[in-house]
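File shown: structure.csv (CSV, C-alpha atoms).
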```
chain,number,residue,atom,x,y,z
A,102,MET,CA,154.7,10.7,114.8
A,103,ASN,CA,156.8,8.5,112.6
A,104,THR,CA,159.5,6.9,114.7
A,105,GLN,CA,160.7,4.8,111.8
A,106,ARG,CA,162.2,8.0,110.3
A,107,ILE,CA,164.5,8.2,113.4
A,108,ILE,CA,165.7,4.6,113.0
A,109,ASP,CA,166.1,5.0,109.2
A,110,TYR,CA,168.2,8.2,109.5
A,111,LEU,CA,170.4,6.9,112.3
A,112,SER,CA,171.0,3.6,110.4
A,113,GLU,CA,172.1,5.5,107.4
A,114,LEU,CA,174.4,7.7,109.5
A,115,SER,CA,175.9,4.6,111.1
A,116,SER,CA,176.8,3.3,107.7
A,117,ASN,CA,178.1,6.6,106.4
A,118,ASN,CA,179.7,8.1,109.5
A,119,ASN,CA,181.6,11.0,107.8
A,120,ARG,CA,181.2,14.7,107.5
A,121,GLU,CA,180.5,14.7,103.8
A,122,TRP,CA,177.4,12.4,104.2
A,123,TYR,CA,176.2,14.2,107.3
A,124,HIS,CA,176.2,17.7,105.6
A,125,ALA,CA,174.7,16.3,102.4
A,126,ASN,CA,171.8,14.9,104.4
A,127,LYS,CA,171.0,17.8,106.7
A,128,GLU,CA,167.3,17.8,105.6
A,129,ALA,CA,167.0,14.1,106.6
A,130,TYR,CA,168.5,15.0,109.9
A,131,LYS,CA,166.0,17.8,110.5
A,132,VAL,CA,163.1,15.4,109.7
A,133,ALA,CA,164.4,12.7,112.1
A,134,ASN,CA,165.2,15.3,114.8
A,135,ALA,CA,161.7,16.7,114.6
A,136,GLU,CA,160.3,13.2,115.1
A,137,PHE,CA,162.6,12.7,118.1
A,138,GLU,CA,161.5,16.0,119.6
A,139,GLU,CA,157.8,15.0,119.1
A,140,LEU,CA,158.5,11.7,120.8
A,141,LEU,CA,160.1,13.6,123.7
A,142,GLN,CA,157.1,15.9,124.0
A,143,ALA,CA,154.8,12.9,124.2
A,144,LEU,CA,157.1,11.4,126.9
A,145,ILE,CA,157.1,14.6,128.9
A,146,LEU,CA,153.4,14.6,129.1
A,147,GLU,CA,153.2,10.9,130.1
A,148,ILE,CA,156.0,11.3,132.7
A,149,GLY,CA,154.2,14.4,134.0
A,150,LYS,CA,151.3,12.3,135.1
A,151,PHE,CA,153.5,11.0,138.0
A,152,ASP,CA,156.3,13.6,138.1
A,153,GLY,CA,155.0,17.1,137.5
A,154,SER,CA,158.5,18.6,138.0
A,155,ILE,CA,159.5,17.9,134.4
A,156,LEU,CA,156.5,19.4,132.6
A,157,HIS,CA,158.0,22.8,132.0
A,158,ASN,CA,160.8,21.3,129.7
A,159,GLN,CA,161.0,22.0,126.0
A,160,PRO,CA,162.2,19.0,124.0
A,161,LYS,CA,164.9,20.9,122.0
A,162,GLU,CA,166.6,21.9,125.3
A,163,LEU,CA,166.9,18.3,126.5
A,164,THR,CA,168.9,16.8,123.6
A,165,PHE,CA,172.6,16.1,123.2
A,166,LYS,CA,174.8,16.8,120.1
A,167,MET,CA,175.8,13.9,117.8
A,168,VAL,CA,179.3,15.3,117.3
A,169,ARG,CA,181.9,13.2,119.1
A,170,ASP,CA,185.1,14.3,120.8
A,171,THR,CA,187.6,12.1,119.1
A,172,ARG,CA,190.8,13.6,120.5
A,173,PHE,CA,191.5,10.7,122.9
A,174,SER,CA,189.7,7.9,121.1
A,175,HIS,CA,190.9,5.2,118.8
A,176,ASP,CA,187.5,5.5,117.0
A,177,LYS,CA,187.7,8.6,114.9
A,178,SER,CA,184.1,8.5,113.6
A,179,PRO,CA,182.9,12.1,113.8
A,180,TYR,CA,179.3,11.3,114.9
A,181,ASN,CA,177.5,9.2,117.5
A,182,PRO,CA,174.6,7.8,115.4
A,183,ALA,CA,172.1,8.1,118.3
A,184,PHE,CA,169.5,10.5,119.5
A,185,ARG,CA,169.8,11.2,123.2
A,186,ALA,CA,168.0,13.2,125.8
A,187,HIS,CA,167.8,13.6,129.6
A,188,ILE,CA,164.5,14.8,131.2
A,189,SER,CA,164.7,16.2,134.7
A,190,SER,CA,163.4,19.1,136.8
A,191,LYS,CA,166.5,21.1,135.6
A,192,GLY,CA,166.5,19.8,132.0
A,193,LYS,CA,169.4,17.9,130.7
A,194,LEU,CA,171.9,18.6,133.5
A,195,PRO,CA,173.2,15.4,135.1
A,196,VAL,CA,172.0,16.6,138.5
A,197,PRO,CA,169.2,16.4,139.5
A,198,VAL,CA,169.0,12.9,138.1
A,199,GLY,CA,166.0,12.1,135.8
A,200,TYR,CA,165.0,10.1,132.8
A,201,TYR,CA,167.4,9.3,130.1
A,202,LEU,CA,166.5,8.1,126.6
A,203,MET,CA,169.0,6.9,123.9
A,204,ILE,CA,167.8,5.7,120.5
A,205,LYS,CA,170.6,3.9,118.6
A,206,PRO,CA,169.9,1.4,115.8
A,207,GLY,CA,171.0,-2.2,116.1
A,208,ASP,CA,169.1,-2.8,119.3
A,209,GLN,CA,171.5,-0.6,121.2
A,210,SER,CA,168.8,1.7,122.6
A,211,PHE,CA,167.9,2.0,126.3
A,212,LEU,CA,166.0,3.9,128.9
A,213,GLY,CA,168.1,5.1,131.8
A,214,GLY,CA,168.1,6.8,135.2
A,215,GLY,CA,170.3,7.6,138.1
A,216,LEU,CA,173.6,9.2,138.3
A,217,PHE,CA,176.1,8.8,135.4
A,218,ALA,CA,178.7,11.2,136.8
A,219,ASP,CA,182.0,9.7,137.8
A,220,MET,CA,183.7,13.0,137.2
A,221,PHE,CA,181.7,14.8,140.0
A,222,LYS,CA,183.5,13.7,143.2
A,223,ASP,CA,181.3,15.9,145.4
A,224,ALA,CA,178.2,14.1,144.0
A,225,THR,CA,179.7,10.7,144.6
A,226,ALA,CA,180.6,11.6,148.2
A,227,MET,CA,177.0,12.9,148.8
A,228,VAL,CA,175.5,9.7,147.6
A,229,ARG,CA,177.9,7.5,149.6
A,230,ASP,CA,177.1,9.5,152.7
A,231,TYR,CA,173.4,9.3,152.2
A,232,ILE,CA,173.5,5.5,151.5
A,233,SER,CA,175.6,5.0,154.7
A,234,GLN,CA,173.1,6.9,156.7
A,235,ASN,CA,169.9,5.6,155.0
A,236,GLY,CA,170.9,2.1,154.0
A,237,GLY,CA,167.5,0.6,155.0
A,238,GLU,CA,165.6,2.8,152.6
A,239,TRP,CA,168.1,2.0,149.8
A,240,GLU,CA,167.6,-1.7,150.5
A,241,ARG,CA,163.8,-1.4,150.3
A,242,ILE,CA,163.9,0.5,147.0
A,243,ILE,CA,166.3,-1.7,145.1
A,244,HIS,CA,164.7,-4.9,146.3
A,245,GLU,CA,161.1,-3.9,145.7
A,246,PRO,CA,159.8,-6.7,143.5
A,247,GLU,CA,158.7,-4.6,140.6
A,248,PHE,CA,162.0,-2.8,140.6
A,249,GLU,CA,164.0,-6.0,140.7
A,250,ARG,CA,162.1,-7.4,137.7
A,251,HIS,CA,163.2,-4.5,135.5
A,252,PHE,CA,166.6,-3.2,136.9
A,253,THR,CA,170.0,-4.0,138.3
A,254,VAL,CA,171.9,-1.1,139.7
A,255,GLY,CA,175.0,-0.4,137.6
A,256,GLY,CA,178.0,1.8,138.0
A,257,THR,CA,181.8,2.0,138.0
A,258,ALA,CA,183.1,0.9,141.4
A,259,LEU,CA,186.2,0.7,143.5
A,260,LYS,CA,187.7,-2.6,144.6
A,261,LYS,CA,187.3,-1.7,148.3
A,262,VAL,CA,185.0,0.4,150.4
A,263,PRO,CA,186.6,3.8,150.5
A,264,ALA,CA,188.2,5.2,153.6
A,265,GLY,CA,185.8,6.7,156.1
A,266,TYR,CA,183.0,4.2,155.5
A,267,ASP,CA,182.1,1.1,157.5
A,268,LYS,CA,183.4,-2.0,155.6
A,269,GLU,CA,180.7,-4.0,157.4
A,270,HIS,CA,177.9,-1.7,156.4
A,271,SER,CA,174.8,-3.5,155.0
A,272,GLN,CA,175.2,-1.6,151.8
A,273,ALA,CA,179.0,-1.8,151.6
A,274,GLU,CA,179.0,-3.0,148.0
A,275,TYR,CA,177.1,0.1,146.9
A,276,LEU,CA,179.5,2.4,148.9
A,277,LYS,CA,182.2,1.3,146.5
A,278,PHE,CA,180.3,2.8,143.6
A,279,LYS,CA,181.2,6.1,142.0
A,280,SER,CA,178.0,6.3,139.9
A,281,TRP,CA,174.7,4.6,140.5
A,282,TYR,CA,172.5,4.1,137.4
A,283,LEU,CA,169.8,2.0,135.7
A,284,GLU,CA,169.5,0.8,132.1
A,285,TYR,CA,166.5,-0.8,130.5
A,286,PRO,CA,167.3,-1.9,126.9
A,287,PHE,CA,164.7,-2.0,124.1
A,288,LYS,CA,164.8,-3.2,120.5
A,289,ASP,CA,164.4,-1.2,117.3
A,290,GLU,CA,161.1,-3.1,116.7
A,291,GLU,CA,159.6,-1.7,119.8
A,292,LEU,CA,159.9,1.9,118.4
A,293,LYS,CA,157.7,1.2,115.4
A,294,ASP,CA,154.5,1.8,117.4
A,295,ALA,CA,155.2,5.2,118.8
A,296,GLU,CA,152.2,5.4,121.1
A,297,ALA,CA,152.9,1.9,122.6
A,298,PHE,CA,156.5,2.8,123.1
A,299,THR,CA,155.7,6.0,124.8
A,300,ALA,CA,153.4,4.3,127.2
A,301,LYS,CA,155.9,1.5,127.9
A,302,ALA,CA,158.8,4.0,128.4
A,303,ALA,CA,156.7,6.1,130.8
A,304,GLU,CA,155.8,3.0,132.8
A,305,ILE,CA,159.5,2.0,133.1
A,306,PHE,CA,160.3,5.5,134.2
A,307,ARG,CA,157.5,5.4,136.8
A,308,ILE,CA,159.1,2.2,138.3
A,309,MET,CA,162.5,4.0,138.3
A,310,LYS,CA,161.2,7.1,140.1
A,311,PRO,CA,161.8,6.1,143.7
A,312,PHE,CA,165.4,5.3,142.9
A,313,ASN,CA,165.8,8.7,141.3
A,314,ASP,CA,164.1,10.4,144.2
A,315,TYR,CA,166.4,8.8,146.7
A,316,LEU,CA,169.5,10.0,144.7
A,317,ASN,CA,168.0,13.5,144.4
A,318,ARG,CA,167.5,13.7,148.1
A,319,ALA,CA,171.2,12.8,148.5
A,320,LEU,CA,172.2,15.4,146.0
A,321,ALA,CA,169.9,18.2,147.3
A,322,ASP,CA,172.9,20.5,148.0
A,323,PHE,CA,175.0,19.6,145.0
A,324,GLN,CA,176.1,22.6,142.9
A,325,MET,CA,177.3,22.0,139.3
A,326,PRO,CA,180.9,23.1,138.9
A,327,ALA,CA,181.4,26.6,137.4
A,328,ARG,CA,182.7,26.5,133.8
```
Written form, structure tokens:
Amino acid sequence: MNTQRIIDYLSELSSNNNREWYHANKEAYKVANAEFEELLQALILEIGKFDGSILHNQPKELTFKMVRDTRFSHDKSPYNPAFRAHISSKGKLPVPVGYYLMIKPGDQSFLGGGLFADMFKDATAMVRDYISQNGGEWERIIHEPEFERHFTVGGTALKKVPAGYDKEHSQAEYLKFKSWYLEYPFKDEELKDAEAFTAKAAEIFRIMKPFNDYLNRALADFQMPAR
């Protein structure tokens, strides 16, 4: 596994973010993508040691396209120069939540978890309801010392606790949230040793797992909207 090929390709795409360069360098993309899928397979096996629900996944089914929707963006660059994947019991769907990886040169890469789904109002309501009813468990998870050393819960939030929830609730700040997610950044340099990176990433995901499990209990009855 040569992860440097991933960084090299993405760095070149970042400097030449146009369709002409992209199509002229399709072979370089295929090589880099193959390395990314090999890295994902190694990660699946490592994560599988503490979360067997993800072992059935095939790497190619977990990745996201690089093509950007530029219709409503000031940035008209056609590609996102990043390799991205979400690993969960149901593949790359946002629910159930799982383990997210983004590799983007310039030290913009990160490992993620939790719910990145502001657009799913039903999911937001389910999590708010669950936190309101299980605030003690939430408190224990997010303030576990190992968790606190690595993560701060992020997410877009309302200015006030929404109607229907106790404004004096012990977790009132988190009831304002519309998404609840974690990000753990890593540098390009950390990718150079693929074996060490895989081990470190799996360890970060292991620490993240109780947070994901809590959200997945909240989202047990969630149904993805029909397309």
Practice task
Work out how far CA of Ile204 in chain A is from CA of Phe184 in chain A, in Å to one decimal.
Solution key: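 Between these atoms lies a distance of 5.2 Å.
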Practice task
Just give me the gap between CA of Leu111 in chain A and CA of Ala295 in chain A in Å, one decimal is fine.
Solution key: 16.6 Å
Handout entry: Atomic distance CA of Thr171 in chain A - CA of Asn117 in chain A, expressed in Å with one decimal
Key =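 One can read the CA of Thr171 in chain A to CA of Asn117 in chain A distance as 16.8 Å.
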Problem - Among the residues A:Ile188, A:Ile243, A:Ile108, A:Ala264, the one that comes closest to Tyr315 in chain A [using only C-alpha atoms] - result: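 Nearest candidate to Tyr315 in chain A out of A:Ile188, A:Ile243, A:Ile108, A:Ala264: A:Ile243.
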Handout entry: Pick from A:Val254, A:Leu283, A:Ala319, A:Met102 nearest to Leu212 in chain A, counting only C-alpha atoms
Key =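 Among A:Val254, A:Leu283, A:Ala319, A:Met102, it is A:Leu283 that comes nearest to Leu212 in chain A.
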